[in-house]
Amino acid sequence: MKNGNGEILIGGSVIFKEGRGKILYLLIKNVDGDWEIPKTAVRRGESSVRAVIRHTSEQGNMNIKVLDEVGRAAGSGTVNGKSVTYKYIYYLLFFKTGAEILGIGDVSWFDYPNAVKKLELKREKDMLKDASIMIKEWEKKRKKK
């Protein structure tokens with residue numbers, strides 16, 4: 001969503017699942033062939049958390065649970081020759097179920113060390129690091145129940 005200030009709000013999805021005793025993170029390949037955390041533009045009148053739910057369910061064919069906000073970041077770029085500011089809000093999403101992941105391009109699951117190696121942007125590496133810490137806390141609380 002672009003507001004009147006030239007800002008575009010982006011919702012990021014740090015999606016993880018448990019597999020073979022490991023935590024695995026979902027990354028997608030962007031148009032340049034680089035791996036990144038899945039993101040979507042927030043539509044007018046939509047919240048950022050609703051945007052990531054829409055993106056993962058409609059386009060990703062996934063059933064997820066939103067656990068928390070991981071973090072926020074900003075960046076800038078050019079759209080149609082005009083300078084814009086991108087505001088990113090990343091959410092931690094637990095992958096519950098899903099069929100074949102469709103509609104969001106080339107995807108793969110990576111353990112933490114490999115996911116960090118694949119990511120190009122420091123901002124995304126930082127979000128993955130923070131998410132990893134949050135997951136450990138979430139697992140502790142879940143085991144107590």
# chains A, B, ... in the order shown; residues from 1 in each chain; ligands from 1
call {"tool": "select_by_dssp", "arguments": {"residues": "segment 20-139 of chain A", "states": "strand (DSSP E)", "output": "PyMOL selection string"}}
result
chain A and resi 22-29+35-36+39-41+62-79+82-98+107-111
call {"tool": "residues_around", "arguments": {"residues": "Ser13 of chain A", "least_positions_apart": "3", "cutoff": "8 Å", "atoms": "only C-alpha atoms", "output": "list of chain:residue names"}}
result
A:Ile37, A:Pro38, A:Lys39, A:Val52, A:Tyr90, A:Tyr91, A:Leu92, A:Leu93
call {"tool": "closest_residue", "arguments": {"among": "A:Lys87, A:Arg50, A:Lys125, A:Lys96", "to": "Leu27 of chain A", "atoms": "only C-alpha atoms"}}
result
A:Lys125
call {"tool": "residues_around", "arguments": {"residues": "Ile89 of chain A", "least_positions_apart": "3", "cutoff": "6 Å", "atoms": "only C-alpha atoms", "output": "PyMOL selection string"}}
result
chain A and resi 11-12+72
call {"tool": "closest_residue", "arguments": {"among": "A:Asn61, A:Glu124, A:Ile10, A:Lys29", "to": "Ser48 of chain A", "atoms": "only C-alpha atoms"}}
result
A:Ile10
call {"tool": "select_by_dssp", "arguments": {"residues": "chain A", "states": "helix (DSSP H, G or I)", "output": "count of residues only"}}
result
42
call {"tool": "residues_around", "arguments": {"residues": "Glu46 of chain A", "least_positions_apart": "3", "cutoff": "12 Å", "atoms": "only C-alpha atoms", "output": "MDAnalysis selection string"}}
result
chainID A and resid 1:2 9:11 40:43 49:54
call {"tool": "write_last_selection", "arguments": {"atoms": "N, CA and C atoms", "output": "PDB file, in the first residue's frame"}}
result
ATOM      1  N   MET A   1       0.843  -1.167   0.000  1.00  0.00           N
ATOM      2  CA  MET A   1       0.000   0.000   0.000  1.00  0.00           C
ATOM      3  C   MET A   1       0.889   1.230   0.000  1.00  0.00           C
ATOM      4  N   LYS A   2       0.613   2.131  -0.887  1.00  0.00           N
ATOM      5  CA  LYS A   2       1.364   3.381  -0.942  1.00  0.00           C
ATOM      6  C   LYS A   2       0.508   4.457  -0.304  1.00  0.00           C
ATOM      7  N   LEU A   9       4.114   0.030   2.344  1.00  0.00           N
ATOM      8  CA  LEU A   9       4.178  -0.877   3.486  1.00  0.00           C
ATOM      9  C   LEU A   9       4.249  -2.315   2.979  1.00  0.00           C
ATOM     10  N   ILE A  10       5.221  -3.054   3.503  1.00  0.00           N
ATOM     11  CA  ILE A  10       5.470  -4.441   3.102  1.00  0.00           C
ATOM     12  C   ILE A  10       5.374  -5.341   4.330  1.00  0.00           C
ATOM     13  N   GLY A  11       4.639  -6.448   4.204  1.00  0.00           N
ATOM     14  CA  GLY A  11       4.565  -7.442   5.267  1.00  0.00           C
ATOM     15  C   GLY A  11       5.495  -8.603   4.935  1.00  0.00           C
ATOM     16  N   THR A  40       5.018  -9.378   0.988  1.00  0.00           N
ATOM     17  CA  THR A  40       3.914  -8.944   0.142  1.00  0.00           C
ATOM     18  C   THR A  40       3.589  -7.494   0.441  1.00  0.00           C
ATOM     19  N   ALA A  41       3.122  -6.785  -0.561  1.00  0.00           N
ATOM     20  CA  ALA A  41       2.672  -5.408  -0.369  1.00  0.00           C
ATOM     21  C   ALA A  41       1.340  -5.427   0.372  1.00  0.00           C
ATOM     22  N   VAL A  42       1.193  -4.492   1.282  1.00  0.00           N
ATOM     23  CA  VAL A  42      -0.050  -4.358   2.032  1.00  0.00           C
ATOM     24  C   VAL A  42      -1.016  -3.528   1.189  1.00  0.00           C
ATOM     25  N   ARG A  43      -2.222  -4.051   1.018  1.00  0.00           N
ATOM     26  CA  ARG A  43      -3.238  -3.360   0.212  1.00  0.00           C
ATOM     27  C   ARG A  43      -3.909  -2.255   1.019  1.00  0.00           C
ATOM     28  N   VAL A  49      -0.461  -7.510   9.160  1.00  0.00           N
ATOM     29  CA  VAL A  49      -0.597  -8.913   9.567  1.00  0.00           C
ATOM     30  C   VAL A  49      -1.625  -9.618   8.685  1.00  0.00           C
ATOM     31  N   ARG A  50      -2.699  -8.923   8.328  1.00  0.00           N
ATOM     32  CA  ARG A  50      -3.698  -9.513   7.425  1.00  0.00           C
ATOM     33  C   ARG A  50      -3.085  -9.785   6.058  1.00  0.00           C
ATOM     34  N   ALA A  51      -2.187  -8.902   5.617  1.00  0.00           N
ATOM     35  CA  ALA A  51      -1.527  -9.082   4.313  1.00  0.00           C
ATOM     36  C   ALA A  51      -0.681 -10.354   4.288  1.00  0.00           C
ATOM     37  N   VAL A  52       0.066 -10.633   5.365  1.00  0.00           N
ATOM     38  CA  VAL A  52       0.896 -11.845   5.354  1.00  0.00           C
ATOM     39  C   VAL A  52       0.025 -13.099   5.455  1.00  0.00           C
ATOM     40  N   ILE A  53      -1.097 -13.004   6.170  1.00  0.00           N
ATOM     41  CA  ILE A  53      -2.016 -14.148   6.227  1.00  0.00           C
ATOM     42  C   ILE A  53      -2.595 -14.392   4.835  1.00  0.00           C
ATOM     43  N   ARG A  54      -3.028 -13.327   4.170  1.00  0.00           N
ATOM     44  CA  ARG A  54      -3.570 -13.457   2.808  1.00  0.00           C
ATOM     45  C   ARG A  54      -2.535 -14.070   1.873  1.00  0.00           C
TER      46      ARG A  54
END
call {"tool": "residues_around", "arguments": {"residues": "Lys22 of chain A", "least_positions_apart": "3", "cutoff": "7 Å", "atoms": "only C-alpha atoms", "output": "PyMOL selection string"}}
result
chain A and resi 18-19+111
call {"tool": "write_last_selection", "arguments": {"atoms": "C-alpha atoms", "output": "PDB file, in the first residue's frame"}}
result
ATOM      1  CA  GLU A  18       9.579 -28.417  12.690  1.00  0.00           C
ATOM      2  CA  GLY A  19      11.091 -31.226  10.689  1.00  0.00           C
ATOM      3  CA  ASP A 111      17.828 -25.001   8.539  1.00  0.00           C
TER       4      ASP A 111
END
call {"tool": "residues_around", "arguments": {"residues": "Trp35 of chain A", "least_positions_apart": "5", "cutoff": "10 Å", "atoms": "only C-alpha atoms", "output": "list of chain:residue names"}}
result
A:Leu26, A:Leu27, A:Ile28, A:Lys29, A:Asn30, A:Asp106, A:Val107, A:Ser108, A:Ala115, A:Val116, A:Lys117, A:Lys118, A:Leu119, A:Glu120, A:Leu121
call {"tool": "closest_residue", "arguments": {"among": "A:Lys65, A:Lys136, A:Lys17, A:Lys82", "to": "Phe110 of chain A", "atoms": "only C-alpha atoms"}}
result
A:Lys17
call {"tool": "closest_residue", "arguments": {"among": "A:Arg44, A:Tyr88, A:Phe95, A:Ala73", "to": "Trp109 of chain A", "atoms": "only C-alpha atoms"}}
result
A:Phe95
call {"tool": "atom_distance", "arguments": {"atom1": "atom CA of Ile15 of chain A", "atom2": "atom CA of Leu67 of chain A"}}
result
10.2 Å
call {"tool": "decode", "arguments": {"residues": "segment 2-50 of chain A", "atoms": "N, CA and C atoms", "output": "mmCIF file, in the first residue's frame"}}
result
data_model
loop_
_atom_site.group_PDB
_atom_site.id
_atom_site.type_symbol
_atom_site.label_atom_id
_atom_site.label_comp_id
_atom_site.auth_asym_id
_atom_site.auth_seq_id
_atom_site.Cartn_x
_atom_site.Cartn_y
_atom_site.Cartn_z
ATOM 1 N N LYS A 2 0.613 2.131 -0.887
ATOM 2 C CA LYS A 2 1.364 3.381 -0.942
ATOM 3 C C LYS A 2 0.508 4.457 -0.304
ATOM 4 N N ASN A 3 1.083 5.146 0.651
ATOM 5 C CA ASN A 3 0.318 6.234 1.250
ATOM 6 C C ASN A 3 0.731 7.558 0.609
ATOM 7 N N GLY A 4 0.150 8.630 1.050
ATOM 8 C CA GLY A 4 0.411 9.936 0.465
ATOM 9 C C GLY A 4 1.831 10.433 0.669
ATOM 10 N N ASN A 5 2.581 9.818 1.564
ATOM 11 C CA ASN A 5 3.947 10.252 1.846
ATOM 12 C C ASN A 5 4.981 9.535 0.993
ATOM 13 N N GLY A 6 4.548 8.775 0.004
ATOM 14 C CA GLY A 6 5.495 8.034 -0.826
ATOM 15 C C GLY A 6 6.057 6.810 -0.128
ATOM 16 N N GLU A 7 5.313 6.285 0.863
ATOM 17 C CA GLU A 7 5.756 5.093 1.580
ATOM 18 C C GLU A 7 4.964 3.878 1.101
ATOM 19 N N ILE A 8 5.655 2.763 0.997
ATOM 20 C CA ILE A 8 5.011 1.503 0.649
ATOM 21 C C ILE A 8 5.219 0.560 1.827
ATOM 22 N N LEU A 9 4.114 0.030 2.344
ATOM 23 C CA LEU A 9 4.178 -0.877 3.486
ATOM 24 C C LEU A 9 4.249 -2.315 2.979
ATOM 25 N N ILE A 10 5.221 -3.054 3.503
ATOM 26 C CA ILE A 10 5.470 -4.441 3.102
ATOM 27 C C ILE A 10 5.374 -5.341 4.330
ATOM 28 N N GLY A 11 4.639 -6.448 4.204
ATOM 29 C CA GLY A 11 4.565 -7.442 5.267
ATOM 30 C C GLY A 11 5.495 -8.603 4.935
ATOM 31 N N GLY A 12 6.367 -8.934 5.870
ATOM 32 C CA GLY A 12 7.312 -10.044 5.684
ATOM 33 C C GLY A 12 6.900 -11.234 6.531
ATOM 34 N N SER A 13 7.138 -12.441 6.010
ATOM 35 C CA SER A 13 6.723 -13.680 6.675
ATOM 36 C C SER A 13 7.936 -14.558 6.966
ATOM 37 N N VAL A 14 8.358 -14.582 8.219
ATOM 38 C CA VAL A 14 9.402 -15.519 8.630
ATOM 39 C C VAL A 14 8.663 -16.799 9.004
ATOM 40 N N ILE A 15 8.589 -17.720 8.037
ATOM 41 C CA ILE A 15 7.800 -18.938 8.187
ATOM 42 C C ILE A 15 8.724 -20.082 8.597
ATOM 43 N N PHE A 16 8.324 -20.814 9.643
ATOM 44 C CA PHE A 16 9.132 -21.949 10.071
ATOM 45 C C PHE A 16 8.252 -23.159 10.327
ATOM 46 N N LYS A 17 8.896 -24.315 10.275
ATOM 47 C CA LYS A 17 8.230 -25.567 10.642
ATOM 48 C C LYS A 17 9.241 -26.439 11.352
ATOM 49 N N GLU A 18 8.723 -27.450 12.017
ATOM 50 C CA GLU A 18 9.579 -28.417 12.690
ATOM 51 C C GLU A 18 9.677 -29.639 11.795
ATOM 52 N N GLY A 19 10.902 -30.067 11.544
ATOM 53 C CA GLY A 19 11.091 -31.226 10.689
ATOM 54 C C GLY A 19 12.342 -31.994 11.057
ATOM 55 N N ARG A 20 12.184 -33.262 11.332
ATOM 56 C CA ARG A 20 13.314 -34.147 11.681
ATOM 57 C C ARG A 20 14.158 -33.574 12.822
ATOM 58 N N GLY A 21 13.488 -33.060 13.821
ATOM 59 C CA GLY A 21 14.184 -32.528 14.986
ATOM 60 C C GLY A 21 14.861 -31.187 14.761
ATOM 61 N N LYS A 22 14.590 -30.560 13.632
ATOM 62 C CA LYS A 22 15.192 -29.265 13.321
ATOM 63 C C LYS A 22 14.092 -28.250 13.042
ATOM 64 N N ILE A 23 14.445 -27.005 13.210
ATOM 65 C CA ILE A 23 13.584 -25.916 12.771
ATOM 66 C C ILE A 23 14.022 -25.566 11.352
ATOM 67 N N LEU A 24 13.058 -25.521 10.451
ATOM 68 C CA LEU A 24 13.331 -25.187 9.056
ATOM 69 C C LEU A 24 12.602 -23.910 8.681
ATOM 70 N N TYR A 25 13.260 -23.070 7.881
ATOM 71 C CA TYR A 25 12.719 -21.782 7.470
ATOM 72 C C TYR A 25 12.438 -21.792 5.971
ATOM 73 N N LEU A 26 11.325 -21.183 5.598
ATOM 74 C CA LEU A 26 10.940 -21.099 4.199
ATOM 75 C C LEU A 26 11.528 -19.838 3.574
ATOM 76 N N LEU A 27 12.261 -20.026 2.485
ATOM 77 C CA LEU A 27 12.776 -18.899 1.707
ATOM 78 C C LEU A 27 12.278 -19.032 0.276
ATOM 79 N N ILE A 28 12.183 -17.900 -0.405
ATOM 80 C CA ILE A 28 11.781 -17.902 -1.811
ATOM 81 C C ILE A 28 12.859 -17.226 -2.639
ATOM 82 N N LYS A 29 12.904 -17.566 -3.922
ATOM 83 C CA LYS A 29 13.825 -16.902 -4.836
ATOM 84 C C LYS A 29 13.114 -15.706 -5.448
ATOM 85 N N ASN A 30 13.792 -14.558 -5.434
ATOM 86 C CA ASN A 30 13.202 -13.379 -6.052
ATOM 87 C C ASN A 30 13.512 -13.352 -7.550
ATOM 88 N N VAL A 31 13.086 -12.310 -8.244
ATOM 89 C CA VAL A 31 13.250 -12.238 -9.699
ATOM 90 C C VAL A 31 14.722 -12.205 -10.119
ATOM 91 N N ASP A 32 15.599 -11.784 -9.207
ATOM 92 C CA ASP A 32 17.037 -11.764 -9.502
ATOM 93 C C ASP A 32 17.711 -13.099 -9.213
ATOM 94 N N GLY A 33 16.938 -14.063 -8.671
ATOM 95 C CA GLY A 33 17.501 -15.375 -8.354
ATOM 96 C C GLY A 33 18.128 -15.462 -6.977
ATOM 97 N N ASP A 34 17.922 -14.424 -6.148
ATOM 98 C CA ASP A 34 18.447 -14.418 -4.780
ATOM 99 C C ASP A 34 17.375 -14.933 -3.819
ATOM 100 N N TRP A 35 17.807 -15.633 -2.776
ATOM 101 C CA TRP A 35 16.885 -16.134 -1.764
ATOM 102 C C TRP A 35 16.515 -15.011 -0.816
ATOM 103 N N GLU A 36 15.240 -15.001 -0.388
ATOM 104 C CA GLU A 36 14.773 -13.980 0.543
ATOM 105 C C GLU A 36 13.595 -14.501 1.360
ATOM 106 N N ILE A 37 13.256 -13.749 2.395
ATOM 107 C CA ILE A 37 12.080 -14.032 3.201
ATOM 108 C C ILE A 37 10.860 -13.611 2.383
ATOM 109 N N PRO A 38 9.801 -14.430 2.358
ATOM 110 C CA PRO A 38 8.609 -14.035 1.592
ATOM 111 C C PRO A 38 8.023 -12.716 2.098
ATOM 112 N N LYS A 39 7.631 -11.870 1.153
ATOM 113 C CA LYS A 39 7.052 -10.572 1.489
ATOM 114 C C LYS A 39 5.904 -10.270 0.534
ATOM 115 N N THR A 40 5.018 -9.378 0.988
ATOM 116 C CA THR A 40 3.914 -8.944 0.142
ATOM 117 C C THR A 40 3.589 -7.494 0.441
ATOM 118 N N ALA A 41 3.122 -6.785 -0.561
ATOM 119 C CA ALA A 41 2.672 -5.408 -0.369
ATOM 120 C C ALA A 41 1.340 -5.427 0.372
ATOM 121 N N VAL A 42 1.193 -4.492 1.282
ATOM 122 C CA VAL A 42 -0.050 -4.358 2.032
ATOM 123 C C VAL A 42 -1.016 -3.528 1.189
ATOM 124 N N ARG A 43 -2.222 -4.051 1.018
ATOM 125 C CA ARG A 43 -3.238 -3.360 0.212
ATOM 126 C C ARG A 43 -3.909 -2.255 1.019
ATOM 127 N N ARG A 44 -4.463 -1.306 0.314
ATOM 128 C CA ARG A 44 -5.178 -0.195 0.958
ATOM 129 C C ARG A 44 -6.287 -0.758 1.852
ATOM 130 N N GLY A 45 -6.343 -0.289 3.101
ATOM 131 C CA GLY A 45 -7.362 -0.734 4.041
ATOM 132 C C GLY A 45 -7.057 -2.061 4.728
ATOM 133 N N GLU A 46 -5.903 -2.638 4.438
ATOM 134 C CA GLU A 46 -5.519 -3.937 4.990
ATOM 135 C C GLU A 46 -4.411 -3.726 6.022
ATOM 136 N N SER A 47 -4.432 -4.493 7.093
ATOM 137 C CA SER A 47 -3.332 -4.425 8.060
ATOM 138 C C SER A 47 -2.164 -5.258 7.535
ATOM 139 N N SER A 48 -0.980 -4.990 8.055
ATOM 140 C CA SER A 48 0.201 -5.747 7.612
ATOM 141 C C SER A 48 0.093 -7.218 7.996
ATOM 142 N N VAL A 49 -0.461 -7.510 9.160
ATOM 143 C CA VAL A 49 -0.597 -8.913 9.567
ATOM 144 C C VAL A 49 -1.625 -9.618 8.685
ATOM 145 N N ARG A 50 -2.699 -8.923 8.328
ATOM 146 C CA ARG A 50 -3.698 -9.513 7.425
ATOM 147 C C ARG A 50 -3.085 -9.785 6.058
#
